[in-house]
>>> print(open('work_26.txt').read())   # compact mmCIF, C-alpha atoms and all ligand atoms
# COMPACT_ATOMS: atom_id res chain seq x y z
CA MET A 1 120.90 20.62 139.02
CA ASN A 2 124.24 22.26 138.48
CA THR A 3 127.40 20.88 139.99
CA THR A 4 127.62 23.45 142.77
CA GLU A 5 124.29 22.15 144.10
CA LYS A 6 125.29 18.54 143.70
CA PHE A 7 128.66 18.89 145.41
CA GLU A 8 129.57 20.90 148.45
CA TYR A 9 132.06 22.90 146.48
CA ASP A 10 133.18 23.13 142.88
CA ILE A 11 136.21 24.80 141.37
CA GLU A 12 134.90 27.30 138.87
CA PHE A 13 136.47 28.42 135.62
CA PHE A 14 138.90 31.19 136.49
CA ASN A 15 140.35 34.15 134.61
CA ARG A 16 141.43 33.93 130.96
CA GLU A 17 139.64 37.16 130.05
CA LYS A 18 142.50 38.18 127.76
CA GLU A 19 142.56 34.86 125.92
CA LYS A 20 138.76 34.74 125.66
CA GLU A 21 138.64 38.24 124.27
CA GLU A 22 141.28 37.38 121.70
CA ILE A 23 139.32 34.33 120.55
CA MET A 24 136.08 36.34 120.48
CA ARG A 25 137.76 38.91 118.26
CA ILE A 26 138.79 36.11 115.92
CA LEU A 27 135.25 34.75 115.88
CA ARG A 28 133.81 38.15 115.03
CA ALA A 29 136.11 38.54 112.02
CA LYS A 30 135.93 36.74 108.69
CA PRO A 31 137.64 33.33 108.93
CA ASN A 32 141.03 33.77 107.35
CA PHE A 33 143.52 31.67 109.31
CA ILE A 34 143.91 28.31 110.96
CA ASN A 35 144.17 29.08 114.68
CA PHE A 36 146.59 27.01 116.71
CA ILE A 37 146.02 27.05 120.44
CA TYR A 38 149.14 25.75 122.12
CA GLY A 39 150.77 25.75 125.52
CA PRO A 40 152.37 23.52 128.17
CA ILE A 41 150.53 20.38 129.28
CA ASN A 42 147.59 20.99 131.62
CA SER A 43 147.74 24.75 131.13
CA GLY A 44 144.00 24.93 130.52
CA LYS A 45 143.60 24.88 126.71
CA THR A 46 140.71 22.42 126.65
CA THR A 47 139.07 24.06 129.66
CA LEU A 48 139.31 27.49 128.02
CA ILE A 49 137.85 26.37 124.72
CA THR A 50 135.00 24.38 126.29
CA SER A 51 134.13 27.30 128.56
CA LEU A 52 134.09 29.53 125.52
CA ILE A 53 131.81 27.13 123.64
CA ASP A 54 129.38 27.35 126.57
CA ASP A 55 129.35 31.14 126.32
CA LEU A 56 128.85 31.40 122.56
CA PRO A 57 125.35 32.37 121.39
CA LYS A 58 123.79 29.19 120.01
CA ASP A 59 121.69 30.98 117.44
CA LYS A 60 124.78 32.52 115.85
CA TYR A 61 127.46 29.83 115.92
CA ALA A 62 127.38 26.13 115.12
CA VAL A 63 130.31 24.66 117.03
CA PHE A 64 131.82 21.28 116.20
CA TYR A 65 134.28 20.14 118.83
CA ILE A 66 136.21 16.94 118.30
CA ASN A 67 138.69 15.71 120.88
CA LEU A 68 141.17 13.13 119.62
CA ARG A 69 142.62 12.57 123.09
CA GLY A 70 143.05 8.92 123.87
CA LYS A 71 141.68 7.94 120.47
CA LEU A 72 143.59 5.18 118.80
CA ILE A 73 143.47 6.21 115.17
CA LYS A 74 145.55 3.94 113.02
CA GLU A 75 143.74 3.98 109.72
CA TYR A 76 141.24 5.86 107.63
CA GLY A 77 138.15 4.20 109.19
CA GLY A 78 139.21 5.29 112.66
CA PHE A 79 139.62 8.86 111.49
CA VAL A 80 136.19 8.92 109.86
CA ARG A 81 134.61 7.44 112.97
CA VAL A 82 135.92 10.18 115.26
CA LEU A 83 134.96 12.88 112.80
CA PHE A 84 131.33 11.91 112.55
CA LYS A 85 128.49 10.89 114.75
CA VAL A 86 125.46 9.12 113.35
CA LYS A 87 122.35 11.26 113.79
CA ARG A 88 120.29 10.25 116.75
CA LYS A 89 117.16 9.57 114.79
CA GLU A 90 119.08 6.85 113.00
CA ILE A 91 119.78 5.05 116.22
CA SER A 92 117.14 2.43 116.91
CA GLU A 93 114.67 3.64 119.53
CA LYS A 94 114.47 0.16 120.98
CA VAL A 95 118.13 -0.13 121.85
CA ILE A 96 118.34 3.07 123.79
CA GLU A 97 116.76 3.28 127.18
CA LYS A 98 114.82 6.40 127.90
CA GLY A 99 117.28 7.79 130.41
CA GLU A 100 120.19 7.30 128.10
CA LYS A 101 118.30 9.03 125.33
CA LEU A 102 117.78 12.06 127.52
CA ALA A 103 121.43 12.15 128.44
CA LYS A 104 122.37 12.07 124.78
CA LYS A 105 119.94 14.88 124.06
CA ALA A 106 121.57 17.03 126.72
CA LEU A 107 124.94 16.45 125.10
CA VAL A 108 123.87 17.45 121.63
CA LEU A 109 122.53 20.89 122.44
CA ALA A 110 121.37 22.77 119.40
CA GLY A 111 124.26 24.59 117.82
CA ARG A 112 126.86 22.56 119.67
CA TYR A 113 128.15 19.25 118.55
CA LEU A 114 130.64 18.07 121.08
CA SER A 115 131.26 14.57 119.86
CA GLY A 116 131.42 14.71 116.09
CA ILE A 117 129.67 16.00 113.03
CA PRO A 118 126.14 14.52 112.84
CA ILE A 119 125.45 12.58 109.65
CA GLU A 120 123.10 9.84 108.42
CA LYS A 121 124.22 6.27 108.96
CA ASP A 122 124.31 5.33 105.27
CA MET A 123 126.52 8.33 104.63
CA LEU A 124 129.00 7.16 107.25
CA ASP A 125 128.92 3.65 105.81
CA GLY A 126 129.58 5.16 102.39
CA PHE A 127 132.65 7.01 103.65
CA LEU A 128 133.94 3.90 105.35
CA GLU A 129 133.55 1.92 102.13
CA THR A 130 135.25 4.33 99.72
CA LYS A 131 138.41 4.70 101.84
CA SER A 132 139.16 8.05 100.27
CA SER A 133 139.63 11.14 102.37
CA GLU A 134 138.84 13.37 99.35
CA ASP A 135 135.16 12.34 99.52
CA VAL A 136 135.01 13.20 103.19
CA PHE A 137 136.53 16.64 102.71
CA GLU A 138 134.26 17.32 99.74
CA PHE A 139 131.26 16.38 101.84
CA LEU A 140 132.44 18.53 104.74
CA GLU A 141 132.92 21.54 102.50
CA GLU A 142 129.34 21.22 101.28
CA TYR A 143 128.19 20.64 104.83
CA PHE A 144 129.83 23.78 106.24
CA LEU A 145 128.66 25.75 103.22
CA LYS A 146 125.09 24.74 104.01
CA ILE A 147 125.46 25.60 107.69
CA SER A 148 126.99 28.97 106.90
CA GLU A 149 123.71 30.03 105.29
CA GLU A 150 122.29 30.32 108.79
CA LYS A 151 125.11 30.20 111.31
CA ILE A 152 128.85 30.65 111.51
CA PRO A 153 130.44 27.22 111.68
CA VAL A 154 133.32 26.74 114.12
CA LEU A 155 135.43 23.59 113.86
CA ILE A 156 137.63 22.75 116.82
CA ILE A 157 139.99 19.80 116.87
CA ASP A 158 141.61 19.08 120.20
CA GLU A 159 144.85 17.06 120.50
CA LEU A 160 145.43 17.30 116.76
CA GLN A 161 148.88 15.69 117.06
CA VAL A 162 147.17 12.30 117.49
CA ILE A 163 146.88 12.03 113.72
CA GLY A 164 150.26 13.66 113.08
CA ASP A 165 151.86 10.53 111.68
CA LEU A 166 148.79 8.91 110.13
CA GLU A 167 149.18 7.88 106.49
CA ILE A 168 146.16 7.57 104.21
CA ASN A 169 147.40 7.69 100.61
CA GLY A 170 150.02 10.13 101.84
CA LYS A 171 150.06 11.96 105.15
CA LEU A 172 146.54 12.67 106.36
CA ILE A 173 147.61 15.72 108.33
CA TYR A 174 148.62 17.58 105.14
CA LYS A 175 145.29 16.80 103.52
CA LEU A 176 143.55 18.01 106.62
CA PHE A 177 145.60 21.21 106.62
CA ASN A 178 144.76 21.75 102.96
CA PHE A 179 141.12 21.36 103.84
CA PHE A 180 141.49 23.83 106.73
CA ILE A 181 143.15 26.32 104.37
CA ARG A 182 140.25 25.86 101.98
CA LEU A 183 137.71 26.55 104.76
CA THR A 184 139.54 29.62 106.02
CA LYS A 185 141.89 31.45 103.68
CA GLU A 186 140.08 30.50 100.46
CA LEU A 187 136.37 30.27 101.24
CA HIS A 188 136.23 32.22 104.54
CA LEU A 189 133.55 29.76 105.51
CA CYS A 190 134.35 28.34 108.87
CA HIS A 191 136.54 29.17 111.86
CA VAL A 192 139.11 26.49 112.51
CA PHE A 193 140.88 25.96 115.83
CA ALA A 194 143.44 23.25 116.45
CA LEU A 195 144.64 22.57 119.99
CA SER A 196 147.79 20.77 121.02
CA SER A 197 150.15 20.38 123.96
CA ASP A 198 152.67 18.59 121.81
CA SER A 199 155.15 21.36 121.21
CA LEU A 200 157.24 19.32 118.79
CA PHE A 201 154.17 18.85 116.66
CA ILE A 202 153.53 22.59 116.77
CA GLU A 203 157.17 23.19 115.87
CA LYS A 204 156.75 20.91 112.85
CA VAL A 205 153.57 22.73 111.85
CA TYR A 206 155.28 26.06 112.35
CA SER A 207 158.07 25.21 109.95
CA GLU A 208 155.74 23.72 107.32
CA ALA A 209 155.92 25.82 104.16
CA MET A 210 152.31 25.20 103.12
CA LEU A 211 151.13 26.76 106.37
CA LYS A 212 153.25 29.90 106.26
CA ASN A 213 151.02 32.96 106.62
CA ARG A 214 147.97 30.76 106.97
CA CYS A 215 148.16 30.10 110.68
CA ARG A 216 147.76 32.16 113.77
CA TYR A 217 149.21 30.98 117.08
CA LEU A 218 147.61 31.59 120.46
CA LEU A 219 149.53 30.68 123.58
CA VAL A 220 147.53 29.47 126.58
CA ASP A 221 150.20 29.44 129.24
CA ASP A 222 150.10 28.54 132.93
CA PHE A 223 148.77 31.35 135.15
CA ASP A 224 151.23 34.05 136.14
CA GLU A 225 152.09 34.49 139.82
CA LYS A 226 149.49 37.16 140.50
CA THR A 227 146.66 35.26 138.81
CA ALA A 228 147.60 32.02 140.59
CA GLY A 229 147.52 33.91 143.91
CA LYS A 230 144.08 35.33 143.22
CA PHE A 231 142.81 31.92 142.17
CA LEU A 232 143.95 30.34 145.44
CA GLU A 233 142.70 33.27 147.50
CA LYS A 234 139.22 32.55 146.19
CA TYR A 235 139.38 29.15 147.87
CA GLY A 236 140.54 30.46 151.23
CA PHE A 237 144.30 30.05 150.89
CA THR A 238 146.32 32.05 153.43
CA GLU A 239 149.20 34.25 152.37
CA GLU A 240 151.62 31.62 153.57
CA GLU A 241 149.89 28.88 151.59
CA ILE A 242 149.88 31.04 148.47
CA LYS A 243 153.61 31.56 148.90
CA LEU A 244 154.15 27.83 149.22
CA ALA A 245 152.14 27.25 146.03
CA ASN A 246 154.05 29.93 144.21
CA ASP A 247 157.43 28.60 145.34
CA TYR A 248 156.73 24.98 144.37
CA VAL A 249 153.76 24.68 142.05
CA GLY A 250 153.91 27.90 140.04
CA GLY A 251 150.91 28.69 137.89
CA LYS A 252 149.85 25.38 136.38
CA PRO A 253 146.04 25.34 136.72
CA SER A 254 145.78 21.56 137.08
CA LEU A 255 148.25 21.52 139.99
CA LEU A 256 146.60 24.52 141.61
CA THR A 257 143.18 22.85 141.48
CA THR A 258 144.73 19.72 142.98
CA MET A 259 146.13 21.86 145.80
CA ILE A 260 142.69 23.36 146.38
CA ASP A 261 141.26 19.85 146.58
CA GLU A 262 143.98 18.71 148.96
CA LYS A 263 143.26 21.63 151.26
CA LYS A 264 139.51 20.98 151.13
CA ILE A 265 139.89 17.39 152.21
CA GLY A 266 142.24 18.45 154.97
CA ARG A 267 145.53 17.11 153.65
CA GLY A 268 148.79 18.92 154.35
CA LEU A 269 149.95 21.21 151.58
CA ASN A 270 153.59 20.80 152.57
CA ASP A 271 153.29 17.07 152.00
CA TYR A 272 151.70 17.68 148.63
CA VAL A 273 154.44 19.94 147.31
CA GLU A 274 157.21 17.75 148.69
CA LYS A 275 155.73 14.70 147.03
CA GLY A 276 155.20 16.57 143.76
CA LEU A 277 158.81 17.72 143.67
CA ALA A 278 160.10 14.28 144.64
CA ASP A 279 158.07 12.69 141.82
CA SER A 280 159.45 15.12 139.24
CA LYS A 281 162.96 14.56 140.49
CA GLU A 282 162.63 10.81 140.33
CA GLU A 283 161.28 10.96 136.79
CA ILE A 284 164.06 13.20 135.48
CA ALA A 285 166.79 11.31 137.34
CA GLN A 286 165.47 8.08 135.84
CA LEU A 287 165.61 9.52 132.31
CA LEU A 288 169.18 10.71 132.83
CA TYR A 289 170.12 7.31 134.19
CA TYR A 290 168.76 5.59 131.09
CA ILE A 291 170.62 7.98 128.81
CA LYS A 292 173.89 7.53 130.70
CA THR A 293 173.88 3.80 131.35
CA ILE A 294 171.86 1.94 128.72
CA GLY A 295 171.63 4.48 125.94
CA VAL A 296 168.53 6.02 124.41
CA THR A 297 167.79 6.67 120.75
CA ILE A 298 165.30 9.10 119.30
CA LYS A 299 163.76 9.44 115.86
CA TYR A 300 165.12 12.72 114.56
CA GLN A 301 164.65 13.81 110.97
CA GLY A 302 163.70 10.23 110.13
CA LYS A 303 166.93 8.82 111.59
CA ASP A 304 167.60 6.98 114.82
CA ILE A 305 169.98 9.21 116.79
CA ASP A 306 171.70 8.42 120.10
CA VAL A 307 170.82 10.87 122.85
CA ASN A 308 174.06 12.22 124.28
CA TYR A 309 174.28 12.49 128.08
CA GLU A 310 176.56 15.54 128.23
CA ASN A 311 174.45 17.43 125.70
CA THR A 312 171.39 16.64 127.78
CA THR A 313 172.86 17.97 131.03
CA GLU A 314 174.14 21.04 129.14
CA ILE A 315 170.53 21.81 128.18
CA LEU A 316 169.38 21.38 131.77
CA LYS A 317 172.15 23.71 133.01
CA ASN A 318 170.39 26.57 131.25
CA PHE A 319 167.85 26.42 134.05
CA SER A 320 170.21 26.63 137.01
CA GLY A 321 169.80 30.40 137.08
CA ASN A 322 166.90 31.04 134.69
CA ASP A 323 163.30 29.91 134.33
CA PHE A 324 163.58 29.79 130.54
CA TYR A 325 166.04 30.39 127.70
CA LYS A 326 165.98 31.28 124.03
CA TYR A 327 166.94 28.48 121.67
CA SER A 328 168.26 28.61 118.15
CA VAL A 329 167.95 24.98 117.03
CA ILE A 330 166.12 21.92 118.31
CA THR A 331 168.83 19.31 118.91
CA PRO A 332 168.11 15.59 119.36
CA GLU A 333 168.63 15.97 123.12
CA LEU A 334 166.21 18.88 123.29
CA CYS A 335 163.79 16.90 121.21
CA TYR A 336 164.08 14.01 123.67
CA LEU A 337 163.42 16.13 126.77
CA VAL A 338 160.45 17.76 125.05
CA SER A 339 159.04 14.41 123.92
CA LYS A 340 159.25 13.21 127.53
CA ASN A 341 157.27 16.27 128.65
CA ILE A 342 160.09 17.58 130.83
CA LEU A 343 160.53 20.71 128.71
CA PHE A 344 158.11 22.83 126.72
CA VAL A 345 159.04 24.60 123.47
CA ASP A 346 157.31 27.84 122.63
CA THR A 347 157.87 27.86 118.89
CA ARG A 348 156.64 31.37 118.35
CA GLU A 349 158.80 33.01 121.00
CA LYS A 350 161.67 30.51 120.51
CA ILE A 351 161.67 29.82 124.21
CA ILE A 352 162.36 26.61 126.12
CA LYS A 353 161.15 26.11 129.67
CA PRO A 354 160.36 23.24 132.00
CA GLN A 355 156.79 21.91 131.77
CA SER A 356 156.11 22.79 135.39
CA LYS A 357 157.72 24.48 138.37
CA PHE A 358 158.16 21.06 139.96
CA ASP A 359 160.25 20.14 136.91
CA LEU A 360 162.26 23.37 137.15
CA LEU A 361 163.07 22.79 140.83
CA ALA A 362 163.78 19.11 140.22
CA ILE A 363 166.24 19.99 137.43
CA ARG A 364 168.05 22.42 139.74
CA GLU A 365 168.36 19.87 142.53
CA ILE A 366 169.59 17.16 140.16
CA LEU A 367 172.20 19.52 138.67
CA LYS A 368 173.53 20.29 142.17
CA GLU A 369 173.80 16.59 142.92
CA ILE A 370 175.66 15.93 139.66
CA GLU A 371 178.11 18.77 140.37
CA THR A 372 178.96 17.58 143.87
CA LYS A 373 179.55 13.99 142.73
N1 LIG A 401 140.75 28.65 133.77
C1 LIG A 401 140.71 27.64 134.65
N2 LIG A 401 140.05 27.76 135.82
C2 LIG A 401 140.02 26.76 136.72
N3 LIG A 401 140.62 25.56 136.53
C3 LIG A 401 141.29 25.36 135.38
C4 LIG A 401 141.37 26.38 134.38
N4 LIG A 401 142.10 25.91 133.35
C5 LIG A 401 142.45 24.66 133.69
N5 LIG A 401 141.96 24.31 134.89
C6 LIG A 401 142.19 23.02 135.58
O1 LIG A 401 143.33 22.38 135.02
C7 LIG A 401 142.98 21.10 134.47
C8 LIG A 401 143.76 20.87 133.20
O2 LIG A 401 143.32 21.76 132.18
P1 LIG A 401 143.13 21.33 130.66
O3 LIG A 401 142.22 22.32 130.05
O4 LIG A 401 142.76 19.90 130.57
O5 LIG A 401 144.61 21.51 130.14
P2 LIG A 401 145.21 21.31 128.67
O6 LIG A 401 144.06 21.08 127.74
O7 LIG A 401 145.94 22.57 128.40
O8 LIG A 401 146.14 20.14 128.77
C9 LIG A 401 141.48 21.16 134.29
O9 LIG A 401 140.92 19.88 134.42
C10 LIG A 401 141.03 22.08 135.41
O10 LIG A 401 140.90 21.36 136.62
MG MG A 402 143.59 19.45 126.54
>>> encode(input="work_26.txt", output="structure tokens", more="lines below")
Ligand SMILES: Nc1ncnc2c1ncn2[C@@H]1O[C@H](COP(=O)(O)OP(=O)(O)O)[C@@H](O)[C@H]1O
Ligand SMILES: [Mg+2]
Amino acid sequence: MNTTEKFEYDIEFFNREKEKEEIMRILRAKPNFINFIYGPINSGKTTLITSLIDDLPKDKYAVFYINLRGKLIKEYGGFVRVLFKVKRKEISEKVIEKGEKLAKKALVLAGRYLSGIPIEKDMLDGFLETKSSEDVFEFLEEYFLKISEEKIPVLIIDELQVIGDLEINGKLIYKLFNFFIRLTKELHLCHVFALSSDSLFIEKVYSEAMLKNRCRYLLVDDFDEKTAGKFLEKYGFTEEEIKLANDYVGGKPSLLTTMIDEKKIGRGLNDYVEKGLADSKEEIAQLLYYIKTIGVTIKYQGKDIDVNYENTTEILKNFSGNDFYKYSVITPELCYLVSKNILFVDTREKIIKPQSKFDLLAIREILKEIETK
């Protein structure tokens, strides 16, 4: 049974033809770069990549998708555990009920490994014992080499920033990048995609010398106005409702789907947008209050730096007449607003913009209130 039969209605994957085509073109070419898929939070990066995995011919590609979201990885063992999944035949038949076994089978469709790279249990135990990431990367190289005899391996790591600060005999992220470079630029063995919403992490990656000319960046942004309108139209939104969505919500897919849900269950859309804006406003006002009254510090270039209130409001003033602006340097204040998910940095285009339209409108209202004080 698919979900449209199970539920009265289901919001289907929408649009993204351009992005899908771009990724398909990458997949058809020889692996040569590490591909970074980045964009504001909830713009649809994970949804796009999982939809694409569904579409890929299983006899041609072997896809390994690993999502680090919500994973607490503090040491080497944790990293190894998310990377691998013990092969099902190694799991005792007795422990697993029949139904559960079937569910697991459905998850691990041939050619798609959505929860880790399948290995034997003793292998995993071996990796956990040695505590050296070199062994793991050596094994993985062999592994992908073997797979590439029959299929094109595709390795996708979602929420890569989770291991950004992890140290295992030196920073793990650099070892991982070296391994990615080996798989792509050197051996042309495996496609590598890394996804992240953390634009400061992407900025760090972008300025990393070892990655220069070895990465390709793909922006998955919120929908534009026209696309958002078409999306809502599909779910019976009137022209007036589409205008309301456009004025308040903009093109963020997650907020648009929430609006569709709200309409379906008969809740007022005006209430929804008013509440959304009020929430954003409260959050930003609270941050400014902390900065102004109790003081906030941020780790910046390894140092603890005080976030300056005036500098912060100066940044926000850029949005009183514009939706975005071009930046030249990332200041501590900018860094702070980005880390709090108020602003999004597009490293490639050198553009700063609020994470959502709610945030943009909230910033404008707060600025007006500050001015009239
Ligand atoms: N192309 C799309 N079509 C329909 N809904 C989408 C689409 N992209 C995203 N969404 C909705 O937005 C939500 C957030 O998207 P997600 O992929 O998790 O964002 P990200 O990974 O960029 O943070 C999804 O759960 C889904 O409801
Ligand atoms: Mg995601």
>>> closest_residue(input="work_26.txt", among="A:Arg182, A:Val162, A:Ser196, A:Lys20", to="ligand MG 402 (chain A)", atoms="all atoms listed in the file")
A:Ser196
>>> atom_distance(input="work_26.txt", atom1="CA of Lys171 (chain A)", atom2="CA of Leu68 (chain A)")
17.0 Å
>>> atom_distance(input="work_26.txt", atom1="CA of Ile37 (chain A)", atom2="atom C10 of ligand LIG 401 (chain A)")
16.5 Å
>>> residues_near_ligand(input="work_26.txt", ligand="ligand MG 402 (chain A)", cutoff="7 Å", atoms="only C-alpha atoms and all ligand atoms", output="PyMOL selection string")
chain A and resi 42+44-46+158-159
>>> closest_atom_pairs(input="work_26.txt", of="chain A", to="ligand LIG 401 (chain A)", cutoff="7 Å", atoms="all atoms listed in the file", output="CSV")
residue,atom,partner,partner_atom,distance
A:Ile11,CA,A:LIG401,C2,6.3
A:Glu12,CA,A:LIG401,C2,5.6
A:Phe13,CA,A:LIG401,N2,3.6
A:Phe14,CA,A:LIG401,N2,3.7
A:Asn15,CA,A:LIG401,N1,5.6
A:Arg16,CA,A:LIG401,N1,6.0
A:Gly39,CA,A:LIG401,O7,6.5
A:Pro40,CA,A:LIG401,O7,6.5
A:Ile41,CA,A:LIG401,O8,4.4
A:Asn42,CA,A:LIG401,O8,3.3
A:Ser43,CA,A:LIG401,O7,3.9
A:Gly44,CA,A:LIG401,O3,3.2
A:Lys45,CA,A:LIG401,O7,3.7
A:Thr46,CA,A:LIG401,O3,3.7
A:Thr47,CA,A:LIG401,O3,3.6
A:Leu48,CA,A:LIG401,N1,6.0
A:Ser197,CA,A:LIG401,O8,6.3
A:Pro253,CA,A:LIG401,O1,4.4
A:Ser254,CA,A:LIG401,O1,3.3
A:Thr257,CA,A:LIG401,O10,5.6
>>> closest_residue(input="work_26.txt", among="A:Glu371, A:Asp59, A:Glu186, A:Glu349", to="Leu219 (chain A)", atoms="all atoms listed in the file")
A:Glu349
>>> closest_residue(input="work_26.txt", among="A:Asn318, A:Gln355, A:Gln286, A:Thr372", to="Val338 (chain A)", atoms="only C-alpha atoms")
A:Gln355
>>> residues_around(input="work_26.txt", residues="Arg364 (chain A)", least_positions_apart="6", cutoff="12 Å", atoms="all atoms listed in the file", output="PDB file with C-alpha atoms, in the frame of the given file")
ATOM      1  CA  LEU A 277     158.810  17.720 143.670  1.00  0.00           C
ATOM      2  CA  SER A 280     159.450  15.120 139.240  1.00  0.00           C
ATOM      3  CA  LYS A 281     162.960  14.560 140.490  1.00  0.00           C
ATOM      4  CA  ILE A 284     164.060  13.200 135.480  1.00  0.00           C
ATOM      5  CA  ALA A 285     166.790  11.310 137.340  1.00  0.00           C
ATOM      6  CA  THR A 313     172.860  17.970 131.030  1.00  0.00           C
ATOM      7  CA  ILE A 315     170.530  21.810 128.180  1.00  0.00           C
ATOM      8  CA  LEU A 316     169.380  21.380 131.770  1.00  0.00           C
ATOM      9  CA  LYS A 317     172.150  23.710 133.010  1.00  0.00           C
ATOM     10  CA  ASN A 318     170.390  26.570 131.250  1.00  0.00           C
ATOM     11  CA  PHE A 319     167.850  26.420 134.050  1.00  0.00           C
ATOM     12  CA  SER A 320     170.210  26.630 137.010  1.00  0.00           C
ATOM     13  CA  GLY A 321     169.800  30.400 137.080  1.00  0.00           C
ATOM     14  CA  ASN A 322     166.900  31.040 134.690  1.00  0.00           C
ATOM     15  CA  ASP A 323     163.300  29.910 134.330  1.00  0.00           C
ATOM     16  CA  PRO A 354     160.360  23.240 132.000  1.00  0.00           C
ATOM     17  CA  LYS A 357     157.720  24.480 138.370  1.00  0.00           C
ATOM     18  CA  PHE A 358     158.160  21.060 139.960  1.00  0.00           C
ATOM     19  CA  ILE A 370     175.660  15.930 139.660  1.00  0.00           C
ATOM     20  CA  GLU A 371     178.110  18.770 140.370  1.00  0.00           C
TER      21      GLU A 371
END
>>> atom_distance(input="work_26.txt", atom1="CA of Ile157 (chain A)", atom2="CA of Leu195 (chain A)")
6.2 Å
>>> residues_near_point(input="work_26.txt", point="(144.0, 33.5, 104.4)", cutoff="8 Å", atoms="all atoms listed in the file", output="PyMOL selection string")
chain A and resi 31-33+181+184-186+188+213-214
>>> closest_residue(input="work_26.txt", among="A:Phe139, A:Glu134, A:Thr50, A:Glu75", to="Arg112 (chain A)", atoms="only C-alpha atoms")
A:Thr50
>>> residues_around(input="work_26.txt", residues="Lys326 (chain A)", least_positions_apart="5", cutoff="7 Å", atoms="only C-alpha atoms", output="ChimeraX atom specification")
/A:350-352
>>> residues_around(input="work_26.txt", residues="region 143-154 of chain A", least_positions_apart="6", cutoff="12 Å", atoms="all atoms listed in the file", output="number ranges by chain")
A: 23-24, 26-31, 34-35, 49, 52-53, 56-66, 110-114, 117-119, 136-137, 179-180, 182-184, 187-194
>>> residues_near_point(input="work_26.txt", point="(149.8, 12.6, 114.5)", cutoff="10 Å", atoms="only C-alpha atoms", output="list of chain:residue names")
A:Ile73, A:Lys74, A:Glu159, A:Leu160, A:Gln161, A:Val162, A:Ile163, A:Gly164, A:Asp165, A:Leu166, A:Glu167, A:Lys171, A:Leu172, A:Ile173, A:Asp198, A:Phe201
>>> residues_around(input="work_26.txt", residues="Tyr336 (chain A)", least_positions_apart="3", cutoff="12 Å", atoms="only C-alpha atoms", output="ChimeraX atom specification")
/A:199-200,284,287-288,291,296-300,304-309,311-312,315,330-333,339-345
>>> build_atoms(input="work_26.txt", residues="region 345-357 of chain A", atoms="N, CA and C atoms", output="tab-separated table (two decimals), in the frame of the given file")
chain	number	residue	atom	x	y	z
A	345	VAL	N	158.50	23.68	124.48
A	345	VAL	CA	159.04	24.60	123.47
A	345	VAL	C	157.94	25.57	123.06
A	346	ASP	N	158.21	26.85	123.19
A	346	ASP	CA	157.31	27.84	122.63
A	346	ASP	C	157.90	28.26	121.28
A	347	THR	N	157.35	27.67	120.24
A	347	THR	CA	157.87	27.86	118.89
A	347	THR	C	157.86	29.31	118.44
A	348	ARG	N	156.81	30.00	118.82
A	348	ARG	CA	156.64	31.37	118.35
A	348	ARG	C	157.67	32.30	118.98
A	349	GLU	N	157.85	32.14	120.29
A	349	GLU	CA	158.80	33.01	121.00
A	349	GLU	C	160.21	32.42	121.02
A	350	LYS	N	160.37	31.21	120.50
A	350	LYS	CA	161.67	30.51	120.51
A	350	LYS	C	162.20	30.36	121.93
A	351	ILE	N	161.33	29.94	122.80
A	351	ILE	CA	161.67	29.82	124.21
A	351	ILE	C	161.52	28.36	124.66
A	352	ILE	N	162.47	27.94	125.50
A	352	ILE	CA	162.36	26.61	126.12
A	352	ILE	C	162.20	26.81	127.62
A	353	LYS	N	161.27	26.07	128.21
A	353	LYS	CA	161.15	26.11	129.67
A	353	LYS	C	160.64	24.77	130.18
A	354	PRO	N	160.89	24.49	131.46
A	354	PRO	CA	160.36	23.24	132.00
A	354	PRO	C	158.83	23.23	131.96
A	355	GLN	N	158.25	22.03	131.86
A	355	GLN	CA	156.79	21.91	131.77
A	355	GLN	C	156.09	22.43	133.03
A	356	SER	N	156.74	22.31	134.16
A	356	SER	CA	156.11	22.79	135.39
A	356	SER	C	157.19	23.30	136.34
A	357	LYS	N	156.76	23.99	137.39
A	357	LYS	CA	157.72	24.48	138.37
A	357	LYS	C	158.36	23.32	139.13
